file target-v3.csv (CSV, C-alpha atoms)
chain,number,residue,atom,x,y,z
F,1,MET,CA,98.8,149.7,95.3
F,2,GLY,CA,95.3,150.5,96.5
F,3,ILE,CA,92.6,148.5,98.1
F,4,ALA,CA,90.3,146.3,96.0
F,5,ARG,CA,86.9,147.6,95.3
F,6,GLY,CA,85.4,144.2,96.1
F,7,GLU,CA,82.2,142.7,94.7
F,8,GLU,CA,78.9,144.5,95.0
F,9,VAL,CA,76.4,142.2,96.6
F,10,TYR,CA,73.4,144.4,97.1
F,11,ASN,CA,71.9,147.8,96.2
F,12,ALA,CA,69.7,149.4,98.9
F,13,ASP,CA,69.5,152.9,97.3
F,14,VAL,CA,66.7,155.2,98.1
F,15,LEU,CA,67.5,157.8,95.5
F,16,PRO,CA,69.2,160.2,95.6
F,17,VAL,CA,71.0,158.4,98.5
F,18,LEU,CA,73.2,155.5,97.6
F,19,ALA,CA,73.6,152.5,99.8
F,20,ARG,CA,75.7,149.5,98.6
F,21,GLY,CA,77.1,146.4,100.1
F,22,MET,CA,80.6,145.2,99.0
F,23,THR,CA,82.4,142.0,99.9
F,24,LEU,CA,86.2,141.7,100.1
F,25,THR,CA,87.8,138.3,99.9
F,26,GLN,CA,90.5,137.0,102.3
F,27,GLU,CA,93.1,137.6,99.6
F,28,GLU,CA,91.9,141.2,99.0
F,29,LEU,CA,91.9,141.9,102.7
F,30,GLU,CA,95.4,140.5,103.2
F,31,ALA,CA,96.7,142.5,100.3
F,32,ALA,CA,95.3,145.7,101.9
F,33,ARG,CA,96.8,144.8,105.2
F,34,ALA,CA,100.1,144.2,103.7
F,35,ASP,CA,100.3,147.2,101.4
F,36,ARG,CA,97.7,150.0,102.0
F,37,LEU,CA,96.7,150.0,105.6
F,38,PRO,CA,100.1,150.1,107.4
F,39,GLY,CA,100.8,153.6,106.0
F,40,ILE,CA,97.5,154.9,107.2
F,41,LEU,CA,97.6,153.2,110.6
F,42,ALA,CA,101.2,154.3,111.3
F,43,ASP,CA,100.8,157.7,109.6
F,44,THR,CA,104.1,157.1,107.7
F,45,LEU,CA,104.2,160.7,106.3
F,46,GLY,CA,103.6,162.2,109.7
F,47,HIS,CA,106.3,159.9,111.2
F,48,GLU,CA,108.8,161.2,108.6
F,49,HIS,CA,107.9,164.8,109.5
F,50,LEU,CA,108.6,164.0,113.2
F,51,GLU,CA,111.9,162.3,112.4
F,52,GLU,CA,112.9,165.4,110.5
F,53,PHE,CA,111.9,167.7,113.4
F,54,TYR,CA,113.8,165.7,116.0
F,55,SER,CA,116.9,165.5,113.8
F,56,GLY,CA,117.1,169.3,113.8
F,57,LEU,CA,117.3,169.5,117.6
F,58,GLU,CA,120.8,170.0,119.2
F,59,LEU,CA,120.9,167.0,121.5
F,60,THR,CA,123.6,164.8,123.0
F,61,GLU,CA,124.3,161.3,122.0
F,62,PHE,CA,122.3,160.1,125.1
F,63,ASP,CA,119.3,162.1,124.0
F,64,GLN,CA,119.3,160.3,120.6
F,65,GLU,CA,118.2,157.1,122.5
F,66,ASN,CA,115.3,159.1,123.9
F,67,ILE,CA,114.4,160.2,120.3
F,68,ALA,CA,114.2,156.6,119.3
F,69,GLU,CA,111.9,155.9,122.2
F,70,ALA,CA,109.7,158.9,121.4
F,71,LEU,CA,109.3,157.7,117.8
F,72,ALA,CA,108.7,154.1,118.7
F,73,PRO,CA,105.1,153.0,117.8
F,74,ILE,CA,102.6,152.5,120.6
F,75,PRO,CA,101.5,148.8,120.8
F,76,GLU,CA,98.0,148.1,119.7
F,77,ASP,CA,95.5,146.1,121.7
F,78,ASP,CA,92.0,144.7,121.2
F,79,HIS,CA,90.5,147.8,122.8
F,80,SER,CA,91.2,149.8,119.7
F,81,ARG,CA,92.7,147.6,117.0
F,82,GLY,CA,89.3,146.6,115.4
F,83,TRP,CA,87.9,150.1,115.0
F,84,ARG,CA,91.2,151.6,114.0
F,85,GLU,CA,91.6,149.1,111.2
F,86,GLY,CA,88.0,149.7,110.2
F,87,GLU,CA,88.6,153.4,109.9
F,88,ALA,CA,91.8,152.7,107.9
F,89,LEU,CA,89.9,150.4,105.6
F,90,ALA,CA,87.1,153.0,105.1
F,91,GLU,CA,89.7,155.7,104.3
F,92,ALA,CA,91.6,153.5,101.9
F,93,TRP,CA,88.4,152.4,100.1
F,94,LEU,CA,86.9,155.9,99.8
F,95,THR,CA,90.2,157.3,98.6
F,96,GLY,CA,90.7,154.5,96.0
F,97,HIS,CA,87.1,154.3,94.7
F,98,LYS,CA,85.2,157.5,95.4
F,99,GLU,CA,87.7,160.2,94.5
F,100,CYS,CA,88.3,161.2,98.1
F,101,ASP,CA,91.3,162.7,99.7
F,102,PHE,CA,91.7,162.9,103.5
F,103,PRO,CA,94.9,164.8,104.0
F,104,TRP,CA,95.2,164.4,107.8
F,105,PRO,CA,95.0,160.8,109.2
F,106,PHE,CA,92.5,160.3,112.0
F,107,ASN,CA,95.2,159.2,114.4
F,108,ARG,CA,97.0,162.6,114.4
F,109,ASP,CA,94.0,164.1,116.3
F,110,LEU,CA,93.8,161.4,119.0
F,111,ARG,CA,94.4,162.7,122.5
F,112,HIS,CA,94.7,159.1,123.8
F,113,HIS,CA,95.9,156.1,121.8
F,114,ARG,CA,92.8,154.1,122.8
F,115,ALA,CA,90.4,156.9,122.0
F,116,SER,CA,88.2,157.4,119.0
F,117,LEU,CA,87.5,160.8,117.4
F,118,PRO,CA,84.3,162.7,118.0
F,119,GLY,CA,82.3,163.8,115.0
F,120,ALA,CA,83.4,162.8,111.6
F,121,GLU,CA,86.3,160.4,111.5
F,122,LEU,CA,87.3,161.4,108.0
F,123,VAL,CA,87.6,165.0,106.9
F,124,GLY,CA,88.8,166.1,103.5
F,125,PHE,CA,87.7,166.5,99.8
F,126,THR,CA,86.1,164.6,97.1
F,127,GLY,CA,86.0,165.2,93.3
F,128,ALA,CA,88.6,166.3,90.8
F,129,ASP,CA,91.1,169.0,91.7
F,130,ALA,CA,89.2,171.5,89.5
F,131,ASP,CA,85.8,170.8,91.1
F,132,PRO,CA,86.2,169.6,94.7
F,133,ARG,CA,83.7,169.7,97.5
F,134,PHE,CA,84.1,169.0,101.2
F,135,ALA,CA,83.8,165.4,102.2
F,136,PHE,CA,83.0,164.0,105.7
F,137,GLY,CA,83.0,160.4,106.6
F,138,GLN,CA,81.4,158.4,109.4
F,139,VAL,CA,82.8,154.9,110.0
F,140,LYS,CA,81.4,152.2,112.2
F,141,THR,CA,82.9,148.7,112.8
F,142,SER,CA,80.8,145.8,114.1
F,143,LYS,CA,81.0,142.1,114.7
F,144,GLU,CA,77.4,142.0,116.0
F,145,ALA,CA,75.4,139.2,114.4
F,146,GLN,CA,72.2,141.2,113.8
F,147,TYR,CA,70.9,143.2,111.0
F,148,PRO,CA,71.4,146.1,111.2
F,149,PRO,CA,73.9,146.1,114.1
F,150,GLN,CA,73.3,148.6,116.9
F,151,VAL,CA,76.0,150.9,115.6
F,152,VAL,CA,73.8,151.8,112.6
F,153,ASN,CA,70.6,152.8,114.3
F,154,HIS,CA,70.9,152.7,118.1
F,155,GLY,CA,71.8,155.8,120.1
F,156,GLU,CA,73.2,159.3,119.6
F,157,LYS,CA,76.4,158.0,118.1
F,158,SER,CA,74.8,155.7,115.6
F,159,LEU,CA,75.7,155.9,111.9
F,160,ILE,CA,72.3,157.2,111.0
F,161,ASN,CA,72.1,159.8,113.8
F,162,GLN,CA,75.6,161.1,113.1
F,163,ALA,CA,75.0,161.3,109.4
F,164,LEU,CA,71.8,163.3,110.1
F,165,GLN,CA,73.9,165.6,112.3
F,166,LEU,CA,76.4,166.1,109.5
F,167,ARG,CA,73.6,166.9,107.1
F,168,ASP,CA,71.5,169.2,109.3
F,169,ASP,CA,73.6,170.7,112.1
F,170,LEU,CA,75.2,173.9,110.9
F,171,ASN,CA,77.4,174.1,114.0
F,172,ILE,CA,78.9,170.7,113.3
F,173,LYS,CA,79.5,171.5,109.7
F,174,LYS,CA,81.1,174.9,110.6
F,175,THR,CA,83.4,173.1,113.1
F,176,LEU,CA,84.6,170.5,110.6
F,177,VAL,CA,85.0,173.1,107.8
F,178,ASN,CA,87.0,175.4,110.0
F,179,TYR,CA,89.2,172.5,111.1
F,180,LEU,CA,89.8,171.6,107.5
F,181,LEU,CA,90.5,175.2,106.3
F,182,GLN,CA,92.9,175.9,109.2
F,183,ARG,CA,95.0,172.9,108.2
F,184,ALA,CA,94.7,173.6,104.5
F,185,MET,CA,96.2,177.1,105.0
F,186,LEU,CA,99.4,175.4,106.2
F,187,ASP,CA,99.7,173.2,103.1
F,188,HIS,CA,100.2,175.2,99.9
F,189,GLY,CA,99.1,172.3,97.7
F,190,LEU,CA,95.6,172.3,99.3
F,191,VAL,CA,94.8,176.0,99.3
F,192,GLU,CA,93.2,176.2,95.9
F,193,ARG,CA,91.1,173.1,96.5
F,194,ALA,CA,90.0,174.5,99.8
F,195,LYS,CA,89.0,177.8,98.2
F,196,ILE,CA,86.8,176.1,95.6
F,197,ALA,CA,85.2,173.8,98.1
F,198,ALA,CA,84.5,176.7,100.5
F,199,THR,CA,83.0,178.8,97.7
F,200,ARG,CA,80.6,175.9,96.8
F,201,TRP,CA,79.7,175.5,100.5
F,202,LEU,CA,79.0,179.2,101.1
F,203,GLN,CA,77.1,179.7,97.8
F,204,SER,CA,74.8,176.7,98.6
F,205,SER,CA,73.9,178.1,102.1
F,206,PHE,CA,76.2,175.4,103.7
F,207,THR,CA,74.6,172.4,101.9
F,208,ASP,CA,77.1,171.5,99.1
F,209,ILE,CA,79.1,168.8,100.8
F,210,ALA,CA,79.5,165.0,100.5
F,211,ILE,CA,78.7,162.7,103.4
F,212,PHE,CA,80.0,159.1,103.3
F,213,GLY,CA,78.8,156.5,105.8
F,214,VAL,CA,80.9,153.3,106.0
F,215,LEU,CA,80.0,150.2,107.9
F,216,VAL,CA,82.7,147.5,108.3
F,217,ARG,CA,81.5,144.0,109.1
F,218,ASP,CA,82.8,140.4,109.3
F,219,VAL,CA,79.4,138.6,109.2
F,220,ALA,CA,77.2,137.5,106.3
F,221,HIS,CA,75.9,140.4,104.2
F,222,SER,CA,72.4,141.7,104.3
F,223,ARG,CA,70.8,144.8,102.7
F,224,ASP,CA,69.0,145.4,106.0
F,225,ASP,CA,72.3,146.8,107.2
F,226,LEU,CA,71.9,150.0,105.1
F,227,ALA,CA,68.2,150.0,104.0
F,228,GLN,CA,67.0,152.1,107.0
F,229,ALA,CA,70.0,154.5,106.7
F,230,ALA,CA,69.2,155.2,103.1
F,231,MET,CA,65.5,155.7,103.8
F,232,ARG,CA,66.1,158.1,106.7
F,233,LEU,CA,68.7,160.2,104.9
F,234,SER,CA,66.7,160.4,101.7
F,235,GLN,CA,64.0,162.3,103.7
F,236,ASN,CA,64.3,166.1,103.8
F,237,ARG,CA,67.6,166.0,102.0
F,238,GLN,CA,69.0,169.2,100.6
F,239,SER,CA,69.5,168.8,96.8
F,240,ALA,CA,73.2,170.0,97.0
F,241,THR,CA,74.2,167.4,99.6
F,242,ARG,CA,75.6,164.1,98.3
F,243,ILE,CA,75.0,161.2,100.6
F,244,GLU,CA,76.4,157.7,100.1
F,245,PHE,CA,76.6,154.6,102.4
F,246,TYR,CA,78.8,151.6,101.9
F,247,ALA,CA,79.0,148.4,103.9
F,248,LEU,CA,82.3,146.6,103.5
F,249,TYR,CA,82.0,142.9,104.4
F,250,LEU,CA,85.2,141.1,105.4
F,251,PRO,CA,85.6,137.3,105.8
F,252,GLU,CA,84.1,136.0,109.0
F,253,GLY,CA,86.3,136.6,112.1
F,254,SER,CA,88.4,139.2,110.5
F,255,ILE,CA,87.7,142.0,113.0
F,256,PRO,CA,89.5,141.5,116.4
F,257,GLU,CA,87.4,141.1,119.5
F,258,GLY,CA,87.1,144.2,121.7
F,259,PRO,CA,84.7,146.1,124.0
F,260,GLN,CA,83.3,148.1,121.1
F,261,HIS,CA,82.7,145.1,118.9
F,262,ARG,CA,81.5,142.2,121.1
F,263,PRO,CA,79.2,140.0,119.0
F,264,ARG,CA,75.6,139.6,120.0
F,265,GLN,CA,73.9,136.3,119.2
F,266,SER,CA,71.1,136.8,116.7
F,267,ARG,CA,69.5,135.1,113.8
F,268,ARG,CA,71.9,135.4,110.8
F,269,ARG,CA,70.3,136.2,107.4
F,270,GLN,CA,71.9,136.7,104.1
F,271,GLN,CA,70.3,138.4,101.1
call {"tool": "encode", "arguments": {"input": "target-v3.csv", "output": "structure tokens"}}
result
Amino acid sequence: MGIARGEEVYNADVLPVLARGMTLTQEELEAARADRLPGILADTLGHEHLEEFYSGLELTEFDQENIAEALAPIPEDDHSRGWREGEALAEAWLTGHKECDFPWPFNRDLRHHRASLPGAELVGFTGADADPRFAFGQVKTSKEAQYPPQVVNHGEKSLINQALQLRDDLNIKKTLVNYLLQRAMLDHGLVERAKIAATRWLQSSFTDIAIFGVLVRDVAHSRDDLAQAAMRLSQNRQSATRIEFYALYLPEGSIPEGPQHRPRQSRRRQQ
């Protein structure tokens, strides 16, 4: 079972850039938390691969206890739980509703269990198997009661700035594409898709990619959250680059408190 699409509550498109607001009900969020998100957060497939690896080692019975400890999940805390679930929600939503496939979960690349990834949080493909392109996703999670929250337009790591870097910085694109291709070469099922996407990317002079920006919120919705992002990214856009922003609005109080997501008091508006 996938994650619900939710209800579209606003359209802030500045064509050709799409910018839409979607609300999820408490029931839809709980269904996702029960069914879709645990596998992403726990990286169930990766865990199975580790179990298979450890089972092939020649170890004593005492060592088997250490294997169990090595495989035990690391407890979550409020320092990371909010943004980790936000990234998992974004991955599940894009996979379910925008023909995206992100073969390597974000948590496989963490060097510290409380860290967040630099660059694009989501790296993979979008489109049918016969016509894929590279897809890169930026995800921001915020409880801040202002429109837009600071994670959208404030600072080097804002949603807008990082989306612009994905669009315009060839070195960033080369890093992400090389990361993706190196892993695709280890997975026979992805080689052909990677070849098609790489061909499109090269023939377009490095512009034929899809960029998705996802904002996860638990406050009242407002098109102001994405209007500026759509306006900025519509300017000087390469025609081959697909750019889409989505704000996923959860019921109030759904995102855990934490250092990255302390709410800031501000006038609440709903449109």
call {"tool": "atom_distance", "arguments": {"input": "target-v3.csv", "atom1": "atom CA of F:Ala19", "atom2": "atom CA of F:Arg167"}}
result
16.1 Å
call {"tool": "atom_distance", "arguments": {"input": "target-v3.csv", "atom1": "atom CA of F:Met185", "atom2": "atom CA of F:Gly124"}}
result
13.3 Å
call {"tool": "closest_residue", "arguments": {"input": "target-v3.csv", "among": "F:Thr207, F:Val139, F:Lys195, F:Phe134", "to": "F:Asp168", "atoms": "all atoms listed in the file"}}
result
F:Thr207
call {"tool": "residues_around", "arguments": {"input": "target-v3.csv", "residues": "F:Arg5", "least_positions_apart": "3", "cutoff": "12 Å", "atoms": "all atoms listed in the file", "output": "PyMOL selection string"}}
result
chain F and resi 2+8-9+20-25+28-29+32+89-90+92-98+246-249
call {"tool": "write_last_selection", "arguments": {"input": "target-v3.csv", "atoms": "C-alpha atoms", "output": "tab-separated table (two decimals), in the frame of the given file"}}
result
chain	number	residue	atom	x	y	z
F	2	GLY	CA	95.30	150.50	96.50
F	8	GLU	CA	78.90	144.50	95.00
F	9	VAL	CA	76.40	142.20	96.60
F	20	ARG	CA	75.70	149.50	98.60
F	21	GLY	CA	77.10	146.40	100.10
F	22	MET	CA	80.60	145.20	99.00
F	23	THR	CA	82.40	142.00	99.90
F	24	LEU	CA	86.20	141.70	100.10
F	25	THR	CA	87.80	138.30	99.90
F	28	GLU	CA	91.90	141.20	99.00
F	29	LEU	CA	91.90	141.90	102.70
F	32	ALA	CA	95.30	145.70	101.90
F	89	LEU	CA	89.90	150.40	105.60
F	90	ALA	CA	87.10	153.00	105.10
F	92	ALA	CA	91.60	153.50	101.90
F	93	TRP	CA	88.40	152.40	100.10
F	94	LEU	CA	86.90	155.90	99.80
F	95	THR	CA	90.20	157.30	98.60
F	96	GLY	CA	90.70	154.50	96.00
F	97	HIS	CA	87.10	154.30	94.70
F	98	LYS	CA	85.20	157.50	95.40
F	246	TYR	CA	78.80	151.60	101.90
F	247	ALA	CA	79.00	148.40	103.90
F	248	LEU	CA	82.30	146.60	103.50
F	249	TYR	CA	82.00	142.90	104.40
call {"tool": "closest_residue", "arguments": {"input": "target-v3.csv", "among": "F:Phe53, F:Tyr10, F:Phe125, F:Tyr147", "to": "F:Arg217", "atoms": "only C-alpha atoms"}}
result
F:Tyr147
call {"tool": "atom_distance", "arguments": {"input": "target-v3.csv", "atom1": "atom CA of F:Lys174", "atom2": "atom CA of F:Ala210"}}
result
14.2 Å
call {"tool": "closest_residue", "arguments": {"input": "target-v3.csv", "among": "F:Ile160, F:Lys140, F:Arg133, F:Pro256", "to": "F:Thr199", "atoms": "only C-alpha atoms"}}
result
F:Arg133
call {"tool": "build_atoms", "arguments": {"input": "target-v3.csv", "residues": "stretch 147-172 of chain F", "atoms": "N, CA and C atoms", "output": "tab-separated table (two decimals), in the frame of the given file"}}
result
chain	number	residue	atom	x	y	z
F	147	TYR	N	70.98	142.39	112.13
F	147	TYR	CA	70.90	143.20	111.00
F	147	TYR	C	69.73	144.26	111.14
F	148	PRO	N	70.05	145.55	111.19
F	148	PRO	CA	71.40	146.10	111.20
F	148	PRO	C	72.02	145.99	112.59
F	149	PRO	N	73.32	146.13	112.73
F	149	PRO	CA	73.90	146.10	114.10
F	149	PRO	C	73.55	147.43	114.78
F	150	GLN	N	73.70	147.43	116.08
F	150	GLN	CA	73.30	148.60	116.90
F	150	GLN	C	74.02	149.86	116.48
F	151	VAL	N	75.26	149.74	115.99
F	151	VAL	CA	76.00	150.90	115.60
F	151	VAL	C	75.38	151.69	114.47
F	152	VAL	N	74.46	151.07	113.75
F	152	VAL	CA	73.80	151.80	112.60
F	152	VAL	C	72.64	152.60	113.09
F	153	ASN	N	71.81	152.10	114.00
F	153	ASN	CA	70.60	152.80	114.30
F	153	ASN	C	70.24	152.98	115.77
F	154	HIS	N	71.17	152.68	116.66
F	154	HIS	CA	70.90	152.70	118.10
F	154	HIS	C	71.73	153.79	118.78
F	155	GLY	N	71.10	154.83	119.28
F	155	GLY	CA	71.80	155.80	120.10
F	155	GLY	C	72.29	157.02	119.37
F	156	GLU	N	72.75	157.98	120.16
F	156	GLU	CA	73.20	159.30	119.60
F	156	GLU	C	74.37	159.13	118.67
F	157	LYS	N	75.23	158.15	118.90
F	157	LYS	CA	76.40	158.00	118.10
F	157	LYS	C	76.27	156.96	116.99
F	158	SER	N	75.05	156.62	116.66
F	158	SER	CA	74.80	155.70	115.60
F	158	SER	C	75.18	156.26	114.24
F	159	LEU	N	75.37	155.41	113.26
F	159	LEU	CA	75.70	155.90	111.90
F	159	LEU	C	74.61	156.78	111.37
F	160	ILE	N	73.36	156.40	111.56
F	160	ILE	CA	72.30	157.20	111.00
F	160	ILE	C	72.20	158.56	111.73
F	161	ASN	N	72.28	158.58	113.03
F	161	ASN	CA	72.10	159.80	113.80
F	161	ASN	C	73.30	160.78	113.45
F	162	GLN	N	74.51	160.25	113.38
F	162	GLN	CA	75.60	161.10	113.10
F	162	GLN	C	75.63	161.62	111.65
F	163	ALA	N	75.13	160.79	110.73
F	163	ALA	CA	75.00	161.30	109.40
F	163	ALA	C	73.95	162.38	109.27
F	164	LEU	N	72.85	162.23	110.01
F	164	LEU	CA	71.80	163.30	110.10
F	164	LEU	C	72.41	164.58	110.64
F	165	GLN	N	73.24	164.46	111.67
F	165	GLN	CA	73.90	165.60	112.30
F	165	GLN	C	74.79	166.32	111.25
F	166	LEU	N	75.56	165.53	110.51
F	166	LEU	CA	76.40	166.10	109.50
F	166	LEU	C	75.62	166.83	108.42
F	167	ARG	N	74.46	166.29	108.11
F	167	ARG	CA	73.60	166.90	107.10
F	167	ARG	C	72.92	168.16	107.57
F	168	ASP	N	72.43	168.15	108.81
F	168	ASP	CA	71.50	169.20	109.30
F	168	ASP	C	72.04	170.16	110.27
F	169	ASP	N	73.09	169.81	111.00
F	169	ASP	CA	73.60	170.70	112.10
F	169	ASP	C	74.64	171.61	111.58
F	170	LEU	N	74.29	172.88	111.41
F	170	LEU	CA	75.20	173.90	110.90
F	170	LEU	C	76.45	174.01	111.75
F	171	ASN	N	76.28	173.94	113.07
F	171	ASN	CA	77.40	174.10	114.00
F	171	ASN	C	78.45	173.00	113.77
F	172	ILE	N	77.97	171.78	113.58
F	172	ILE	CA	78.90	170.70	113.30
F	172	ILE	C	79.63	170.89	112.00
